[in-house]
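Student: Just final_3.cif, nothing more (mmCIF, C-alpha atoms):
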data_upload
#
loop_
_atom_site.label_atom_id
_atom_site.label_comp_id
_atom_site.auth_asym_id
_atom_site.auth_seq_id
_atom_site.Cartn_x
_atom_site.Cartn_y
_atom_site.Cartn_z
CA MET Y 267 -0.02 -16.77 -33.96
CA SER Y 268 1.38 -13.67 -32.40
CA ASP Y 269 0.63 -15.04 -28.95
CA GLN Y 270 2.77 -18.09 -29.52
CA GLY Y 271 5.45 -15.92 -31.07
CA GLU Y 272 5.50 -13.73 -27.99
CA GLN Y 273 5.61 -16.72 -25.65
CA LYS Y 274 8.58 -18.06 -27.52
CA SER Y 275 10.53 -14.84 -27.50
CA PHE Y 276 9.78 -14.49 -23.79
CA GLN Y 277 11.15 -17.98 -23.15
CA GLU Y 278 14.18 -17.10 -25.24
CA ARG Y 279 14.80 -14.05 -23.12
CA ILE Y 280 14.57 -16.22 -20.00
CA ASP Y 281 16.90 -18.84 -21.46
CA ASN Y 282 19.38 -16.10 -22.35
CA GLY Y 283 19.41 -15.12 -18.69
CA GLU Y 284 17.80 -11.74 -19.36
CA THR Y 285 16.00 -9.90 -16.56
CA ILE Y 286 12.30 -9.23 -17.02
CA GLU Y 287 11.24 -5.72 -15.99
CA PRO Y 288 7.74 -4.47 -15.04
CA LYS Y 289 6.91 -2.82 -18.38
CA ASP Y 290 8.12 -5.78 -20.48
CA ASP Y 291 5.75 -8.16 -22.21
CA MET Y 292 5.25 -11.31 -20.18
CA PRO Y 293 2.80 -14.21 -20.33
CA ASP Y 294 -0.24 -13.71 -18.10
CA ARG Y 295 0.60 -16.88 -16.27
CA TYR Y 296 4.11 -15.63 -15.44
CA ARG Y 297 2.60 -12.46 -14.00
CA LYS Y 298 -0.02 -14.40 -12.03
CA GLN Y 299 2.43 -16.91 -10.65
CA LEU Y 300 4.76 -14.12 -9.56
CA ILE Y 301 1.98 -12.13 -7.91
CA ARG Y 302 0.95 -15.27 -6.03
CA MET Y 303 4.48 -16.17 -4.99
CA MET Y 304 5.68 -12.65 -4.14
CA SER Y 305 2.57 -11.68 -2.17
CA GLN Y 306 2.79 -14.91 -0.18
CA HIS Y 307 6.41 -14.10 0.46
CA ALA Y 308 5.49 -10.57 1.62
CA HIS Y 309 2.78 -11.93 3.91
CA SER Y 310 5.28 -14.40 5.38
CA GLU Y 311 7.61 -11.55 6.32
CA VAL Y 312 4.78 -9.64 7.96
CA VAL Y 313 3.24 -12.59 9.81
CA GLY Y 314 6.77 -13.68 10.67
CA MET Y 315 7.02 -10.68 13.00
CA LEU Y 316 4.41 -12.18 15.33
CA PRO Y 317 6.06 -15.30 16.81
CA GLU Y 318 9.19 -13.38 17.74
CA GLY Y 319 7.43 -10.14 18.58
CA ASN Y 320 5.82 -12.20 21.31
CA TRP Y 321 9.17 -12.20 23.17
CA ILE Y 322 10.33 -8.59 22.80
CA THR Y 323 9.01 -7.50 26.18
CA ARG Y 324 10.59 -10.52 27.88
CA ALA Y 325 14.05 -10.48 26.31
CA PRO Y 326 16.63 -11.53 28.92
CA SER Y 327 18.91 -8.52 28.45
CA LEU Y 328 18.94 -5.08 26.86
CA ARG Y 329 21.36 -6.34 24.21
CA ARG Y 330 19.05 -9.17 23.21
CA LYS Y 331 16.07 -6.83 23.26
CA MET Y 332 17.71 -4.35 20.89
CA ILE Y 333 18.73 -7.17 18.57
CA LEU Y 334 15.27 -8.68 18.53
CA LEU Y 335 13.58 -5.32 17.98
CA SER Y 336 15.89 -4.64 15.10
CA LYS Y 337 15.29 -8.06 13.57
CA VAL Y 338 11.52 -7.75 13.81
CA GLN Y 339 11.73 -4.27 12.28
CA ASP Y 340 13.73 -5.78 9.42
CA GLU Y 341 10.96 -8.31 8.79
CA ALA Y 342 8.50 -5.43 8.49
CA GLY Y 343 10.87 -3.78 6.01
CA HIS Y 344 11.21 -7.02 4.04
CA GLY Y 345 7.43 -7.25 3.83
CA LEU Y 346 7.36 -3.72 2.44
CA TYR Y 347 10.10 -4.38 -0.16
CA LEU Y 348 8.12 -7.37 -1.35
CA TYR Y 349 4.70 -5.69 -1.38
CA SER Y 350 6.23 -2.90 -3.47
CA ALA Y 351 7.83 -5.38 -5.83
CA THR Y 352 4.48 -7.19 -6.17
CA GLU Y 353 2.78 -3.91 -7.07
CA THR Y 354 5.10 -3.51 -10.06
CA LEU Y 355 3.16 -6.41 -11.60
CA GLY Y 356 -0.08 -4.46 -11.37
CA ALA Y 357 -1.37 -5.96 -8.12
CA SER Y 358 -2.95 -3.38 -5.82
CA ARG Y 359 -1.51 -3.09 -2.34
CA GLN Y 360 -4.94 -2.88 -0.82
CA GLU Y 361 -6.18 -6.04 -2.53
CA VAL Y 362 -3.13 -7.99 -1.52
CA ILE Y 363 -3.41 -6.88 2.12
CA ASP Y 364 -7.14 -7.58 2.16
CA GLN Y 365 -6.48 -11.14 1.02
CA LEU Y 366 -4.25 -11.66 4.03
CA LEU Y 367 -6.67 -10.07 6.48
CA GLU Y 368 -9.57 -12.08 5.10
CA GLY Y 369 -7.61 -15.27 5.62
CA LYS Y 370 -7.56 -16.06 1.88
CA ALA Y 371 -3.83 -15.66 1.31
CA LYS Y 372 -1.18 -18.20 2.17
CA TYR Y 373 2.03 -17.48 4.01
CA SER Y 374 4.83 -19.69 5.27
CA SER Y 375 3.39 -22.38 7.55
CA ILE Y 376 6.31 -22.11 9.93
CA PHE Y 377 4.74 -19.03 11.51
CA ASN Y 378 1.70 -21.03 12.58
CA TYR Y 379 3.73 -22.68 15.33
CA PRO Y 380 3.88 -21.12 18.79
CA THR Y 381 6.99 -19.66 20.44
CA LEU Y 382 6.92 -21.29 23.87
CA SER Y 383 10.23 -20.20 25.36
CA TRP Y 384 13.02 -17.68 24.82
CA ALA Y 385 15.09 -20.46 23.26
CA ASP Y 386 12.60 -20.45 20.38
CA VAL Y 387 13.84 -16.98 19.44
CA ALA Y 388 17.36 -18.38 19.16
CA VAL Y 389 16.26 -21.38 17.14
CA ILE Y 390 14.05 -19.36 14.80
CA GLY Y 391 17.02 -17.16 13.94
CA TRP Y 392 19.25 -20.16 13.40
CA LEU Y 393 16.90 -22.58 11.62
CA VAL Y 394 14.03 -20.55 10.18
CA ASP Y 395 16.15 -17.64 8.99
CA GLY Y 396 18.81 -20.13 7.94
CA ALA Y 397 16.23 -21.85 5.73
CA ALA Y 398 14.96 -18.53 4.44
CA ILE Y 399 18.47 -17.49 3.39
CA ILE Y 400 18.94 -20.67 1.35
CA ASN Y 401 15.68 -20.05 -0.46
CA GLN Y 402 16.24 -16.32 -0.88
CA THR Y 403 19.81 -16.61 -2.12
CA MET Y 404 18.35 -18.60 -5.00
CA LEU Y 405 15.56 -16.07 -5.53
CA ALA Y 406 18.09 -13.24 -5.70
CA ARG Y 407 18.88 -14.66 -9.16
CA SER Y 408 15.21 -14.76 -10.15
CA SER Y 409 14.27 -13.68 -13.68
CA TYR Y 410 11.97 -10.90 -12.48
CA GLY Y 411 14.04 -7.77 -11.80
CA PRO Y 412 12.11 -6.19 -8.91
CA TYR Y 413 11.84 -9.55 -7.10
CA SER Y 414 15.49 -10.30 -7.54
CA ARG Y 415 16.56 -6.84 -6.36
CA ALA Y 416 14.32 -7.03 -3.29
CA MET Y 417 15.91 -10.41 -2.54
CA VAL Y 418 19.45 -9.09 -2.79
CA ARG Y 419 18.54 -6.42 -0.24
CA ILE Y 420 16.82 -8.95 2.01
CA CYS Y 421 19.66 -11.49 1.88
CA LYS Y 422 22.14 -8.86 3.03
CA GLU Y 423 20.03 -8.13 6.08
CA GLU Y 424 19.00 -11.69 6.76
CA SER Y 425 22.52 -12.91 7.41
CA PHE Y 426 22.56 -10.98 10.70
CA HIS Y 427 19.28 -12.67 11.62
CA LYS Y 428 20.74 -16.11 11.29
CA LYS Y 429 24.00 -15.20 12.95
CA GLN Y 430 22.42 -13.66 16.04
CA GLY Y 431 20.30 -16.81 16.34
CA TYR Y 432 23.20 -19.20 16.03
CA GLU Y 433 25.22 -17.12 18.49
CA MET Y 434 22.42 -17.52 21.02
CA VAL Y 435 22.03 -21.22 20.24
CA ALA Y 436 25.75 -21.73 20.85
CA LYS Y 437 25.63 -19.77 24.12
CA MET Y 438 22.68 -21.73 25.47
CA ALA Y 439 24.10 -25.05 24.33
CA ASP Y 440 27.20 -24.15 26.33
CA GLY Y 441 25.21 -22.83 29.32
CA THR Y 442 23.61 -24.26 32.44
CA PRO Y 443 21.84 -27.65 32.29
CA GLU Y 444 18.50 -25.78 32.23
CA GLN Y 445 19.61 -23.65 29.29
CA GLN Y 446 20.88 -26.73 27.47
CA GLU Y 447 17.56 -28.43 28.02
CA MET Y 448 15.65 -25.39 26.79
CA ILE Y 449 17.63 -25.06 23.60
CA GLN Y 450 17.42 -28.78 22.80
CA ASP Y 451 13.67 -28.68 23.39
CA ALA Y 452 13.34 -25.77 20.97
CA VAL Y 453 15.41 -27.60 18.33
CA ASP Y 454 13.21 -30.68 18.80
CA ARG Y 455 10.07 -28.65 18.18
CA TRP Y 456 11.33 -26.51 15.28
CA TRP Y 457 13.44 -28.95 13.23
CA TRP Y 458 10.65 -30.69 11.33
CA PRO Y 459 8.46 -27.64 10.71
CA THR Y 460 11.59 -25.92 9.32
CA LEU Y 461 12.18 -28.77 6.87
CA MET Y 462 8.57 -28.31 5.75
CA MET Y 463 9.31 -24.68 4.84
CA PHE Y 464 10.84 -25.84 1.56
CA GLY Y 465 7.47 -27.23 0.47
CA PRO Y 466 6.35 -30.61 -0.87
CA HIS Y 467 8.64 -33.10 -2.60
CA ASP Y 468 9.44 -32.17 -6.20
CA GLU Y 469 6.99 -34.73 -7.58
CA ASP Y 470 4.17 -33.22 -5.48
CA SER Y 471 4.98 -29.60 -6.23
CA PRO Y 472 2.92 -28.57 -9.28
CA ASN Y 473 4.37 -25.06 -9.49
CA SER Y 474 8.05 -25.96 -9.29
CA ALA Y 475 8.67 -27.08 -12.87
CA GLU Y 476 7.00 -24.00 -14.29
CA LEU Y 477 8.85 -21.62 -11.96
CA ILE Y 478 12.14 -23.24 -12.89
CA LYS Y 479 11.32 -23.05 -16.61
CA TRP Y 480 10.73 -19.33 -16.18
CA GLY Y 481 13.88 -18.78 -14.22
CA VAL Y 482 12.01 -17.63 -11.12
CA LYS Y 483 13.56 -20.52 -9.21
CA SER Y 484 16.74 -22.32 -10.14
CA LYS Y 485 16.63 -25.19 -7.63
CA THR Y 486 13.91 -27.62 -6.60
CA ASN Y 487 12.35 -27.84 -3.13
CA ASP Y 488 14.24 -31.06 -2.38
CA GLU Y 489 17.58 -29.62 -3.52
CA LEU Y 490 17.13 -26.58 -1.29
CA ARG Y 491 16.03 -28.76 1.63
CA GLN Y 492 19.12 -30.94 1.21
CA SER Y 493 21.49 -28.00 1.33
CA PHE Y 494 19.72 -26.74 4.44
CA VAL Y 495 20.05 -30.14 6.14
CA ASP Y 496 23.73 -30.52 5.25
CA ARG Y 497 24.63 -27.11 6.57
CA HIS Y 498 22.56 -27.17 9.74
CA ILE Y 499 23.50 -30.66 10.86
CA ALA Y 500 27.10 -29.56 10.79
CA GLU Y 501 26.23 -26.47 12.81
CA ALA Y 502 24.20 -28.51 15.32
CA HIS Y 503 27.07 -30.93 15.86
CA GLU Y 504 29.49 -28.06 16.27
CA VAL Y 505 27.61 -26.90 19.37
CA GLY Y 506 26.68 -30.38 20.64
CA LEU Y 507 22.96 -30.36 19.84
CA GLU Y 508 20.94 -33.38 18.73
CA ILE Y 509 18.80 -33.35 15.59
CA PRO Y 510 15.50 -35.13 16.33
CA ASP Y 511 15.72 -37.63 13.48
CA ASP Y 512 16.65 -41.31 14.04
CA GLU Y 513 17.26 -41.89 10.36
CA LEU Y 514 20.01 -39.33 9.92
CA GLU Y 515 22.95 -40.87 8.16
CA TYR Y 516 25.87 -39.39 6.31
CA ASN Y 517 26.31 -40.79 2.83
CA GLU Y 518 30.03 -40.85 2.05
CA GLU Y 519 29.41 -41.30 -1.65
CA THR Y 520 27.10 -38.36 -2.21
CA GLY Y 521 28.58 -36.19 0.51
CA HIS Y 522 25.06 -35.47 1.77
CA TRP Y 523 23.11 -36.29 4.90
CA GLU Y 524 20.19 -38.64 4.44
CA PHE Y 525 17.23 -37.91 6.65
CA GLY Y 526 13.82 -39.27 7.64
CA GLU Y 527 10.47 -38.59 6.00
CA ILE Y 528 8.56 -35.45 6.83
CA ASP Y 529 5.09 -35.86 8.33
CA TRP Y 530 3.19 -34.59 5.29
CA ASP Y 531 -0.19 -34.93 6.99
CA GLU Y 532 0.96 -32.36 9.51
CA PHE Y 533 2.29 -30.15 6.69
CA TRP Y 534 -0.99 -30.13 4.73
CA ASN Y 535 -3.00 -29.72 7.89
CA VAL Y 536 -1.14 -26.52 8.78
CA VAL Y 537 -1.26 -25.27 5.18
CA LYS Y 538 -5.03 -25.76 5.21
CA GLY Y 539 -5.36 -23.52 8.24
CA ASN Y 540 -5.47 -26.00 11.10
CA GLY Y 541 -2.05 -25.40 12.60
CA PRO Y 542 -1.70 -24.48 16.26
CA MET Y 543 -1.56 -20.71 15.61
CA ASN Y 544 -3.25 -20.06 12.23
CA LYS Y 545 -6.30 -18.32 13.68
CA GLU Y 546 -4.31 -16.43 16.27
CA ARG Y 547 -1.95 -14.99 13.62
CA ILE Y 548 -4.73 -13.67 11.40
CA LYS Y 549 -6.55 -12.28 14.41
CA ALA Y 550 -3.40 -10.42 15.46
CA ARG Y 551 -2.92 -9.00 11.94
CA ARG Y 552 -6.53 -7.84 11.77
CA GLU Y 553 -6.29 -6.15 15.15
CA ALA Y 554 -3.06 -4.42 14.17
CA HIS Y 555 -4.65 -3.22 10.95
CA GLU Y 556 -7.78 -1.95 12.68
CA ASN Y 557 -5.85 -0.34 15.52
CA GLY Y 558 -3.67 1.48 13.02
CA LYS Y 559 -6.61 2.84 11.09
CA TRP Y 560 -6.82 6.14 12.96
CA VAL Y 561 -3.11 6.73 12.34
CA ARG Y 562 -3.54 6.23 8.60
CA GLU Y 563 -6.55 8.50 8.56
CA ALA Y 564 -4.86 11.19 10.66
CA ALA Y 565 -1.79 11.20 8.41
CA GLU Y 566 -3.99 11.53 5.37
CA GLU Y 567 -6.00 14.36 6.87
CA TYR Y 568 -2.82 16.15 7.89
CA ALA Y 569 -1.46 15.81 4.36
CA ARG Y 570 -4.71 17.19 2.96
CA LYS Y 571 -4.63 20.23 5.25
CA GLN Y 572 -0.98 20.92 4.54
CA LYS Y 573 -1.71 20.85 0.85
CA LEU Y 574 -4.67 23.21 1.26
CA SER Y 575 -2.73 25.76 3.26
CA LYS Y 576 0.11 25.61 0.73
CA GLU Y 577 -2.34 26.27 -2.07
CA LYS Y 578 -3.83 29.22 -0.19
CA ALA Y 579 -0.44 30.72 0.48
CA SER Y 580 0.57 30.64 -3.17
CA MET V 134 -13.11 18.66 -4.81
CA SER V 135 -11.74 15.20 -5.36
CA LYS V 136 -9.47 13.62 -2.80
CA GLU V 137 -5.79 12.79 -3.32
CA ASN V 138 -5.02 10.63 -6.33
CA GLY V 139 -5.60 6.94 -5.82
CA ASN V 140 -7.82 7.18 -2.72
CA LYS V 141 -10.86 5.23 -3.75
CA SER V 142 -11.89 3.27 -0.70
CA GLU V 143 -12.11 4.73 2.78
CA ASP V 144 -9.21 2.62 4.07
CA THR V 145 -6.57 3.91 1.73
CA GLN V 146 -3.05 2.62 1.40
CA TRP V 147 -1.94 6.16 0.38
CA PRO V 148 -0.33 7.18 -2.94
CA LEU V 149 2.72 5.37 -4.27
CA TRP V 150 6.20 6.96 -4.31
CA GLU V 151 9.47 5.86 -5.90
CA VAL V 152 12.54 6.07 -3.69
CA PHE V 153 16.05 6.92 -4.89
CA THR V 154 18.99 6.73 -2.53
CA GLN V 155 22.46 8.19 -2.78
CA PRO V 156 24.79 5.67 -1.16
CA ARG V 157 27.73 8.02 -0.53
CA ASP V 158 28.68 11.61 -1.05
CA GLY V 159 29.54 12.15 -4.69
CA LYS V 160 27.73 9.04 -5.94
CA PRO V 161 24.61 9.19 -8.11
CA HIS V 162 21.14 8.44 -6.72
CA GLU V 163 19.89 4.96 -7.46
CA HIS V 164 16.39 3.49 -7.47
CA ALA V 165 15.82 1.60 -4.21
CA GLY V 166 12.14 0.64 -4.49
CA SER V 167 8.80 2.19 -3.75
CA LEU V 168 6.46 2.83 -0.84
CA HIS V 169 3.15 4.38 0.11
CA ALA V 170 2.85 7.68 1.97
CA PRO V 171 0.23 10.40 2.38
CA ASP V 172 2.61 13.25 1.48
CA ALA V 173 6.20 14.05 0.55
CA GLU V 174 7.34 14.61 4.11
CA LYS V 175 6.05 11.21 5.30
CA ALA V 176 7.36 9.62 2.11
CA LEU V 177 10.88 10.79 3.04
CA GLU V 178 10.53 9.50 6.60
CA ASN V 179 9.11 6.17 5.45
CA ALA V 180 11.89 5.87 2.87
CA ARG V 181 14.45 6.40 5.62
CA ASP V 182 12.86 3.69 7.77
CA VAL V 183 12.31 1.21 4.95
CA TYR V 184 15.38 1.65 2.75
CA THR V 185 18.17 3.02 4.95
CA ARG V 186 18.12 1.14 8.27
CA ARG V 187 21.83 0.45 7.90
CA LYS V 188 23.11 3.79 6.66
CA GLU V 189 22.62 2.84 3.04
CA ALA V 190 22.15 6.47 2.06
CA VAL V 191 23.34 9.99 2.72
CA ASN V 192 20.49 11.49 0.73
CA ILE V 193 17.04 10.38 -0.46
CA TRP V 194 14.77 11.50 -3.30
CA VAL V 195 11.09 10.57 -3.33
CA VAL V 196 9.00 11.05 -6.46
CA PRO V 197 5.28 10.34 -6.92
CA SER V 198 5.24 7.15 -9.01
CA ASP V 199 2.76 8.56 -11.51
CA GLN V 200 5.23 11.35 -12.28
CA ILE V 201 7.88 8.97 -13.59
CA VAL V 202 8.04 8.70 -17.36
CA ALA V 203 9.92 5.65 -18.62
CA SER V 204 10.94 4.36 -22.03
CA LYS V 205 9.40 1.02 -22.85
CA GLY V 206 11.19 -2.25 -22.34
CA GLU V 207 12.64 -4.79 -24.74
CA ASP V 208 10.25 -4.16 -27.64
CA GLU V 209 11.34 -0.56 -28.00
CA GLY V 210 14.68 -1.35 -29.62
CA PRO V 211 14.21 1.32 -32.31
CA PHE V 212 14.16 3.96 -29.58
CA PHE V 213 17.83 3.28 -28.91
CA ASP V 214 18.75 2.65 -32.56
CA PRO V 215 20.53 5.95 -33.12
CA ALA V 216 23.52 4.72 -31.09
CA ASP V 217 23.67 1.35 -32.90
CA ASP V 218 25.89 2.37 -35.81
CA LYS V 219 28.28 4.72 -34.06
CA PRO V 220 31.16 2.62 -32.84
CA TYR V 221 33.44 5.60 -33.44
CA ARG V 222 32.13 7.05 -30.19
CA HIS V 223 34.23 4.48 -28.30
CA PRO V 224 37.99 4.64 -27.86
CA GLN V 225 38.25 0.95 -28.90
CA PHE V 226 37.33 2.07 -32.44
CA TYR V 227 40.74 3.63 -32.95
CA SER V 228 44.11 2.06 -33.54
CA VAL V 229 47.03 4.23 -32.64
CA PRO V 230 50.76 3.56 -32.36
CA ARG V 231 51.85 2.00 -29.06
CA VAL V 232 53.98 4.51 -27.27
CA SER V 233 56.33 3.40 -24.57
CA LYS V 234 56.59 5.61 -21.54
CA ARG V 235 60.18 4.65 -21.04
CA ARG V 236 62.65 6.78 -22.89
CA SER V 237 65.52 4.83 -24.29
#
Would you kindly transcribe this structure into structure tokens?
Tutor:
Amino acid sequence: MSDQGEQKSFQERIDNGETIEPKDDMPDRYRKQLIRMMSQHAHSEVVGMLPEGNWITRAPSLRRKMILLSKVQDEAGHGLYLYSATETLGASRQEVIDQLLEGKAKYSSIFNYPTLSWADVAVIGWLVDGAAIINQTMLARSSYGPYSRAMVRICKEESFHKKQGYEMVAKMADGTPEQQEMIQDAVDRWWWPTLMMFGPHDEDSPNSAELIKWGVKSKTNDELRQSFVDRHIAEAHEVGLEIPDDELEYNEETGHWEFGEIDWDEFWNVVKGNGPMNKERIKARREAHENGKWVREAAEEYARKQKLSKEKAS
Amino acid sequence: MSKENGNKSEDTQWPLWEVFTQPRDGKPHEHAGSLHAPDAEKALENARDVYTRRKEAVNIWVVPSDQIVASKGEDEGPFFDPADDKPYRHPQFYSVPRVSKRRS
């Protein structure tokens, strides 16, 4: 009886647009779904450092190098905001990180594609961060306070990520024939995987309805994907780039672009761990974690000694 | 002697700290989020790197998370009851004559 009563009052709070805070009562399933979603989001930020980190040492100028370093550092920060927010739900940091290192956790499939040329850095900023902003702007209104606040912080920083990418895309699209070819090639490779970032169609997305009911999300995967497509086609045309989709057509009535079907076999294949870079990414994370172990231990030992000598002195 | 609080396994993630940032001189500190650090000094440095990469703060407080005492959430209405029936603490409670600044 009381359980149903609590569920109802929780749903009422959600429907009233109230924010749920860590110490509030919440259904177990709400907590579990959020831990799943937020930890995956945190992992995506952390793994997302790898494809671009690959190009830091080969940036074409000091300006681009500083920008890329700063962007990758932001992604690390975003991972930390989100891990912290996930911990407010009672998840332990160690457990969540272990899940990633053991290859049990999911993260955004987009990061399982390789970055083959410098133009990929431009296109990731423009398309991948552009897609992330659309998703995260929605999540900034999420019903769970710590998630929503982390998102507000992330969105503010993410807009520079997209803009630096689009700036580079525009420069290359207006550059030498080789640069134009490079940037078009990167768009051709990244367009479809970026569309997949929004997840399966609404009818194939079991979590969506529940997350919307609970005010975690306010738009469906397909709605978010559509707003991404509309915005980015306009931006592509502005700089004279082709979108690799023969079925693109502007619908005057709806005011939206219609586009071709995503290759869902490829999507599920990458989700299941068989993408071009899945194994490489986890290997890199494990190595980073192991190589950082002595630093963590040294810092801890230093803290212990400092504390001891303080205690002696007093 | 036992080790620092929260260090169970050998590969620790360090204790948890809450971070409060003061956005500008004269403004109050505001909760920014949390982080892990082995001691207060590293907690301050980590807080700087995580929460103030764009000059979001002129001052930072870090507090061990287990030292924060908070009132409970929505079901603790009675805790705040005492203020419920005291509308006379607000200026809107009072009606006073309108006084024109202009002298006629």
Student: Per residue of chain V within 6 Å of chain Y, note the shortest atom pair and the distance in Å to one decimal, counting all atoms listed in the file, and order the rows by chain and increasing residue number, as JSON lines.
Tutor:
{"residue": "V:Ser167", "atom": "CA", "partner": "Y:Ser350", "partner_atom": "CA", "distance": 5.7}
{"residue": "V:Pro171", "atom": "CA", "partner": "Y:Glu566", "partner_atom": "CA", "distance": 5.3}
{"residue": "V:Asp172", "atom": "CA", "partner": "Y:Ala569", "partner_atom": "CA", "distance": 5.6}
{"residue": "V:Val183", "atom": "CA", "partner": "Y:Gly343", "partner_atom": "CA", "distance": 5.3}
{"residue": "V:Gly206", "atom": "CA", "partner": "Y:Asp290", "partner_atom": "CA", "distance": 5.0}
Student: Using all atoms listed in the file, pick whichever of Y:Thr285, Y:His309, Y:Ala579, Y:Pro380 has the shortest atom-to-atom distance to Gly411 in chain Y.
Tutor: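 Going through Y:Thr285, Y:His309, Y:Ala579, Y:Pro380 one by one, the smallest distance to Gly411 in chain Y is for Y:Thr285.
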Student: Here's the selection I'm unsure about, the PyMOL selection byres ((chain V and resi 189) around 12); applied to the file above, which residues does it give, as number ranges by chain?
Tutor: Y: 419, 422-423; V: 153-158, 162-163, 165, 180-188, 190-193
Student: Pick out the residues sitting within 9 Å of Glu151 in chain V, and hand them over as a ChimeraX atom specification; count all atoms listed in the file, and ignore anything fewer than 5 positions along from it in its own chain.
Tutor: /V:164-169,194-198,201
Student: Can I get the selected residues back with C-alpha atoms, as a short mmCIF file (atom, residue, chain, number, x, y, z; two decimals), keeping the file's coordinate frame?
Tutor:
data_model
loop_
_atom_site.label_atom_id
_atom_site.label_comp_id
_atom_site.auth_asym_id
_atom_site.auth_seq_id
_atom_site.Cartn_x
_atom_site.Cartn_y
_atom_site.Cartn_z
CA HIS V 164 16.39 3.49 -7.47
CA ALA V 165 15.82 1.60 -4.21
CA GLY V 166 12.14 0.64 -4.49
CA SER V 167 8.80 2.19 -3.75
CA LEU V 168 6.46 2.83 -0.84
CA HIS V 169 3.15 4.38 0.11
CA TRP V 194 14.77 11.50 -3.30
CA VAL V 195 11.09 10.57 -3.33
CA VAL V 196 9.00 11.05 -6.46
CA PRO V 197 5.28 10.34 -6.92
CA SER V 198 5.24 7.15 -9.01
CA ILE V 201 7.88 8.97 -13.59
#
Student: Mind telling me what the PyMOL selection byres ((chain Y and resi 470) around 12) catches here, as a list in words?
Tutor: Gly465, Pro466, His467, Asp468, Glu469, Ser471, Pro472, Asn473, Ser474, Ala475, Thr486, Asn487, Asp488, Trp530 and Trp534 of chain Y
Student: One number please: CA of Ala325 in chain Y to CA of Trp384 in chain Y, in Å, one decimal.
Tutor: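 These atoms are spaced 7.4 Å apart.
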Student: Please write as a PyMOL selection string the full residue list that the PyMOL selection byres ((chain Y and resi 490-502) around 8) yields on this file.
Tutor: chain Y and resi 393+396-397+400-401+461+464+485-489+503-509+522-523
